[in-house]
Amino acid sequence: MTHDVQSVSPRTRPATLRKRKRILDAAIDIFGNKGYANGTLADIADQVDLTHAGVLHHFGSKQNLLLEMLTYRDQTDVADLDEQHIPGGPDLFLHLVRTALVNSRRAGVVQVYTVLSAESVTDDHPARPYFESRYSTLRGQVADAFQVLCLQEGVTETAMIGPASASILAVMDGLQLQWLLHPQEIELAEASEFAIRAVVNAVLHPGPELSQYSRG
């Protein structure tokens with residue numbers, strides 16, 4: 001999926017790249033704390049000692065800044081990986097656990113993702129196409145990882161891969177929300193690893209249905 005954002009030439013001066021990075025970092029802070037609707041370009045400009053026009057010079061519009069900020073945030077997820085993209089197959093599940101650990105050290109990035117993903121369900125939100133595409137892509141990647149794992153483990157009943165893939169993403173995002181609200185009570189990486197392991201094991205070794213535990 002592409003967005004109508006201003007491209008950065010490979011010849012862009014280092015000073016300009018540093019300034020753009022400062023603006024993107026400020027956008028993460030402002031949009032994370034105030035949301036997209038309430039966070040203004042003036043707020044962002046103040047944080048980096050620029051004028052409103054100065055921010056527009058680099059990004060063209062508030063919407064372009066938002067979309068470039070989301071791309072910038074995604075790049076931080078894979079910055080430390082050798083191939084600069086998330087791994088496939090069963091290694092993906094380990095990557096998700098490592099991501100939770102990394103996220104526990106960058107509350108600002110987690111906050112802006114949580115706020116904007118929730119806001120994106122509202123009418124005409126500019127980030128909605130981004131999050132629709134992101135969730136669709138991630139569900140597909142997790143489902144592919146499940147397919148490989150099931151093949152390795154000799155599991156032929158794969159009907160629950162779809163629900164399991166959606167559940168892993170949902171539980172990770174839900175735990176991030178709880179962690180932001182109660183950081184002293186939630187151990188983000190530990191809880192995420194437990195949830196991911198539980199969902200994976202439920203696909204590989206399905207247990208009895210919950211209805212069997214009902215006394216009614």
# chains A, B, ... in the order shown; residues from 1 in each chain; ligands from 1

call {"tool": "residues_around", "arguments": {"residues": "A:Asn201", "least_positions_apart": "5", "cutoff": "12 Å", "atoms": "only C-alpha atoms", "output": "PyMOL selection string"}}
result
chain A and resi 93+146+149-150+153+155+160-161+164+168+193-196+206-207

call {"tool": "write_last_selection", "arguments": {"atoms": "all heavy atoms", "output": "tab-separated table (two decimals), in the first residue's frame"}}
result
chain	number	residue	atom	x	y	z
A	93	PHE	N	7.07	-16.23	15.77
A	93	PHE	CA	6.52	-16.19	17.13
A	93	PHE	C	7.56	-15.71	18.13
A	93	PHE	O	7.25	-14.94	19.05
A	93	PHE	CB	5.99	-17.58	17.52
A	93	PHE	CG	4.90	-18.08	16.62
A	93	PHE	CD1	5.10	-19.17	15.79
A	93	PHE	CD2	3.67	-17.44	16.59
A	93	PHE	CE1	4.10	-19.61	14.94
A	93	PHE	CE2	2.65	-17.88	15.74
A	93	PHE	CZ	2.88	-18.97	14.92
A	146	PHE	N	1.99	-20.27	11.23
A	146	PHE	CA	1.26	-21.42	11.78
A	146	PHE	C	1.26	-22.59	10.79
A	146	PHE	O	1.42	-23.75	11.19
A	146	PHE	CB	-0.18	-21.02	12.11
A	146	PHE	CG	-0.40	-20.59	13.53
A	146	PHE	CD1	-0.90	-19.33	13.81
A	146	PHE	CD2	-0.13	-21.44	14.58
A	146	PHE	CE1	-1.11	-18.93	15.12
A	146	PHE	CE2	-0.34	-21.05	15.90
A	146	PHE	CZ	-0.84	-19.78	16.16
A	149	LEU	N	4.59	-24.28	10.95
A	149	LEU	CA	4.75	-24.98	12.22
A	149	LEU	C	3.91	-26.25	12.27
A	149	LEU	O	4.37	-27.30	12.73
A	149	LEU	CB	4.38	-24.03	13.37
A	149	LEU	CG	4.61	-24.56	14.79
A	149	LEU	CD1	6.08	-24.92	15.00
A	149	LEU	CD2	4.16	-23.51	15.81
A	150	CYS	N	2.67	-26.16	11.79
A	150	CYS	CA	1.80	-27.34	11.78
A	150	CYS	C	2.37	-28.43	10.89
A	150	CYS	O	2.31	-29.62	11.23
A	150	CYS	CB	0.39	-26.95	11.31
A	150	CYS	SG	-0.56	-26.02	12.54
A	153	GLU	N	5.17	-30.11	12.71
A	153	GLU	CA	4.73	-30.91	13.86
A	153	GLU	C	3.73	-32.00	13.48
A	153	GLU	O	3.23	-32.71	14.36
A	153	GLU	CB	4.10	-29.98	14.92
A	153	GLU	CG	5.07	-28.95	15.49
A	153	GLU	CD	6.22	-29.59	16.23
A	153	GLU	OE1	5.98	-30.56	16.97
A	153	GLU	OE2	7.37	-29.14	16.05
A	155	VAL	N	0.69	-31.63	12.35
A	155	VAL	CA	-0.69	-31.26	12.70
A	155	VAL	C	-1.48	-31.06	11.42
A	155	VAL	O	-1.11	-30.22	10.57
A	155	VAL	CB	-0.72	-29.98	13.55
A	155	VAL	CG1	-2.15	-29.55	13.81
A	155	VAL	CG2	0.03	-30.21	14.85
A	160	MET	N	-8.31	-23.76	12.92
A	160	MET	CA	-8.27	-22.68	13.90
A	160	MET	C	-7.11	-21.71	13.68
A	160	MET	O	-6.89	-20.80	14.48
A	160	MET	CB	-8.16	-23.26	15.32
A	160	MET	CG	-9.37	-24.09	15.72
A	160	MET	SD	-10.94	-23.22	15.46
A	160	MET	CE	-10.76	-21.87	16.63
A	161	ILE	N	-6.37	-21.88	12.58
A	161	ILE	CA	-5.24	-20.98	12.33
A	161	ILE	C	-5.71	-19.54	12.17
A	161	ILE	O	-5.08	-18.60	12.68
A	161	ILE	CB	-4.45	-21.45	11.09
A	161	ILE	CG1	-3.57	-22.64	11.47
A	161	ILE	CG2	-3.60	-20.31	10.52
A	161	ILE	CD1	-2.75	-23.19	10.32
A	164	ALA	N	-6.73	-18.11	15.53
A	164	ALA	CA	-5.53	-18.03	16.36
A	164	ALA	C	-4.65	-16.85	15.95
A	164	ALA	O	-4.08	-16.16	16.81
A	164	ALA	CB	-4.74	-19.33	16.27
A	168	ILE	N	-3.68	-13.71	18.49
A	168	ILE	CA	-2.33	-13.33	18.90
A	168	ILE	C	-2.15	-11.82	18.78
A	168	ILE	O	-1.63	-11.15	19.69
A	168	ILE	CB	-1.27	-14.08	18.08
A	168	ILE	CG1	-1.15	-15.52	18.60
A	168	ILE	CG2	0.09	-13.37	18.14
A	168	ILE	CD1	-0.13	-16.36	17.87
A	193	GLU	N	4.51	-13.33	26.07
A	193	GLU	CA	5.05	-14.67	25.80
A	193	GLU	C	4.08	-15.75	26.26
A	193	GLU	O	3.85	-16.75	25.55
A	193	GLU	CB	6.39	-14.86	26.49
A	193	GLU	CG	7.00	-16.23	26.23
A	193	GLU	CD	8.36	-16.42	26.86
A	193	GLU	OE1	8.80	-15.52	27.61
A	193	GLU	OE2	8.99	-17.47	26.61
A	194	PHE	N	3.49	-15.57	27.43
A	194	PHE	CA	2.52	-16.55	27.94
A	194	PHE	C	1.35	-16.68	26.97
A	194	PHE	O	0.92	-17.79	26.63
A	194	PHE	CB	2.02	-16.13	29.31
A	194	PHE	CG	0.92	-17.01	29.84
A	194	PHE	CD1	1.22	-18.19	30.51
A	194	PHE	CD2	-0.42	-16.68	29.66
A	194	PHE	CE1	0.20	-19.01	31.00
A	194	PHE	CE2	-1.43	-17.50	30.13
A	194	PHE	CZ	-1.12	-18.66	30.80
A	195	ALA	N	0.80	-15.54	26.53
A	195	ALA	CA	-0.38	-15.56	25.66
A	195	ALA	C	-0.06	-16.18	24.31
A	195	ALA	O	-0.83	-16.99	23.78
A	195	ALA	CB	-0.90	-14.13	25.48
A	196	ILE	N	1.08	-15.81	23.72
A	196	ILE	CA	1.46	-16.36	22.43
A	196	ILE	C	1.68	-17.86	22.53
A	196	ILE	O	1.22	-18.63	21.68
A	196	ILE	CB	2.73	-15.65	21.89
A	196	ILE	CG1	2.40	-14.19	21.54
A	196	ILE	CG2	3.27	-16.38	20.66
A	196	ILE	CD1	3.62	-13.34	21.26
A	206	PRO	N	-4.89	-29.05	20.57
A	206	PRO	CA	-6.20	-28.56	21.01
A	206	PRO	C	-6.75	-29.39	22.16
A	206	PRO	O	-6.70	-30.62	22.14
A	206	PRO	CB	-7.07	-28.68	19.75
A	206	PRO	CG	-6.34	-29.59	18.83
A	206	PRO	CD	-4.89	-29.51	19.17
A	207	GLY	N	-7.25	-28.69	23.17
A	207	GLY	CA	-7.84	-29.35	24.33
A	207	GLY	C	-9.35	-29.41	24.22
A	207	GLY	O	-9.92	-29.10	23.16

call {"tool": "select_by_dssp", "arguments": {"residues": "stretch 106-169 of chain A", "states": "helix (DSSP H, G or I)", "output": "ChimeraX atom specification"}}
result
/A:107-119,128-153,161-169

call {"tool": "atom_distance", "arguments": {"atom1": "atom CA of A:Tyr36", "atom2": "atom CA of A:Asn103"}}
result
21.0 Å

call {"tool": "atom_distance", "arguments": {"atom1": "atom CA of A:Pro129", "atom2": "atom CA of A:Thr158"}}
result
29.3 Å

call {"tool": "residues_around", "arguments": {"residues": "A:His58", "least_positions_apart": "5", "cutoff": "9 Å", "atoms": "only C-alpha atoms", "output": "list in words"}}
result
Gln6, Thr16, Lys19, Arg20, Ile23, Ala53 and Leu65 of chain A

call {"tool": "closest_atom_pairs", "arguments": {"of": "stretch 29-64 of chain A", "to": "stretch 106-125 of chain A", "cutoff": "9 Å", "atoms": "only C-alpha atoms", "output": "JSON lines"}}
result
{"residue": "A:Asp29", "atom": "CA", "partner": "A:Gly108", "partner_atom": "CA", "distance": 6.2}
{"residue": "A:Ile30", "atom": "CA", "partner": "A:Val112", "partner_atom": "CA", "distance": 8.3}
{"residue": "A:Phe31", "atom": "CA", "partner": "A:Val112", "partner_atom": "CA", "distance": 6.0}
{"residue": "A:Gly32", "atom": "CA", "partner": "A:Val112", "partner_atom": "CA", "distance": 3.6}
{"residue": "A:Asn33", "atom": "CA", "partner": "A:Val112", "partner_atom": "CA", "distance": 7.3}
{"residue": "A:Lys34", "atom": "CA", "partner": "A:Val115", "partner_atom": "CA", "distance": 8.6}
{"residue": "A:Gly35", "atom": "CA", "partner": "A:Val115", "partner_atom": "CA", "distance": 6.2}
{"residue": "A:Tyr36", "atom": "CA", "partner": "A:Leu116", "partner_atom": "CA", "distance": 7.0}

call {"tool": "write_last_selection", "arguments": {"atoms": "N, CA and C atoms", "output": "PDB file, in the first residue's frame"}}
result
ATOM      1  N   ASP A  29       5.415  11.713  20.021  1.00  0.00           N
ATOM      2  CA  ASP A  29       5.094  12.202  21.359  1.00  0.00           C
ATOM      3  C   ASP A  29       3.755  12.924  21.386  1.00  0.00           C
ATOM      4  N   ILE A  30       3.542  13.846  20.455  1.00  0.00           N
ATOM      5  CA  ILE A  30       2.324  14.657  20.456  1.00  0.00           C
ATOM      6  C   ILE A  30       1.099  13.825  20.107  1.00  0.00           C
ATOM      7  N   PHE A  31       1.164  13.043  19.034  1.00  0.00           N
ATOM      8  CA  PHE A  31       0.012  12.227  18.649  1.00  0.00           C
ATOM      9  C   PHE A  31      -0.257  11.140  19.681  1.00  0.00           C
ATOM     10  N   GLY A  32       0.784  10.660  20.343  1.00  0.00           N
ATOM     11  CA  GLY A  32       0.596   9.656  21.388  1.00  0.00           C
ATOM     12  C   GLY A  32      -0.104  10.221  22.596  1.00  0.00           C
ATOM     13  N   ASN A  33       0.220  11.461  22.955  1.00  0.00           N
ATOM     14  CA  ASN A  33      -0.376  12.076  24.143  1.00  0.00           C
ATOM     15  C   ASN A  33      -1.721  12.743  23.870  1.00  0.00           C
ATOM     16  N   LYS A  34      -1.904  13.284  22.663  1.00  0.00           N
ATOM     17  CA  LYS A  34      -3.113  14.061  22.380  1.00  0.00           C
ATOM     18  C   LYS A  34      -4.011  13.434  21.323  1.00  0.00           C
ATOM     19  N   GLY A  35      -3.516  12.430  20.616  1.00  0.00           N
ATOM     20  CA  GLY A  35      -4.280  11.895  19.500  1.00  0.00           C
ATOM     21  C   GLY A  35      -4.054  12.721  18.251  1.00  0.00           C
ATOM     22  N   TYR A  36      -4.522  12.204  17.121  1.00  0.00           N
ATOM     23  CA  TYR A  36      -4.301  12.904  15.862  1.00  0.00           C
ATOM     24  C   TYR A  36      -5.144  14.170  15.768  1.00  0.00           C
TER      25      TYR A  36
END

call {"tool": "residues_around", "arguments": {"residues": "A:Ser104", "least_positions_apart": "5", "cutoff": "10 Å", "atoms": "only C-alpha atoms", "output": "JSON, numbers by chain"}}
result
{"A": [98, 99, 109, 110, 176, 179, 180, 183, 187, 188, 189]}
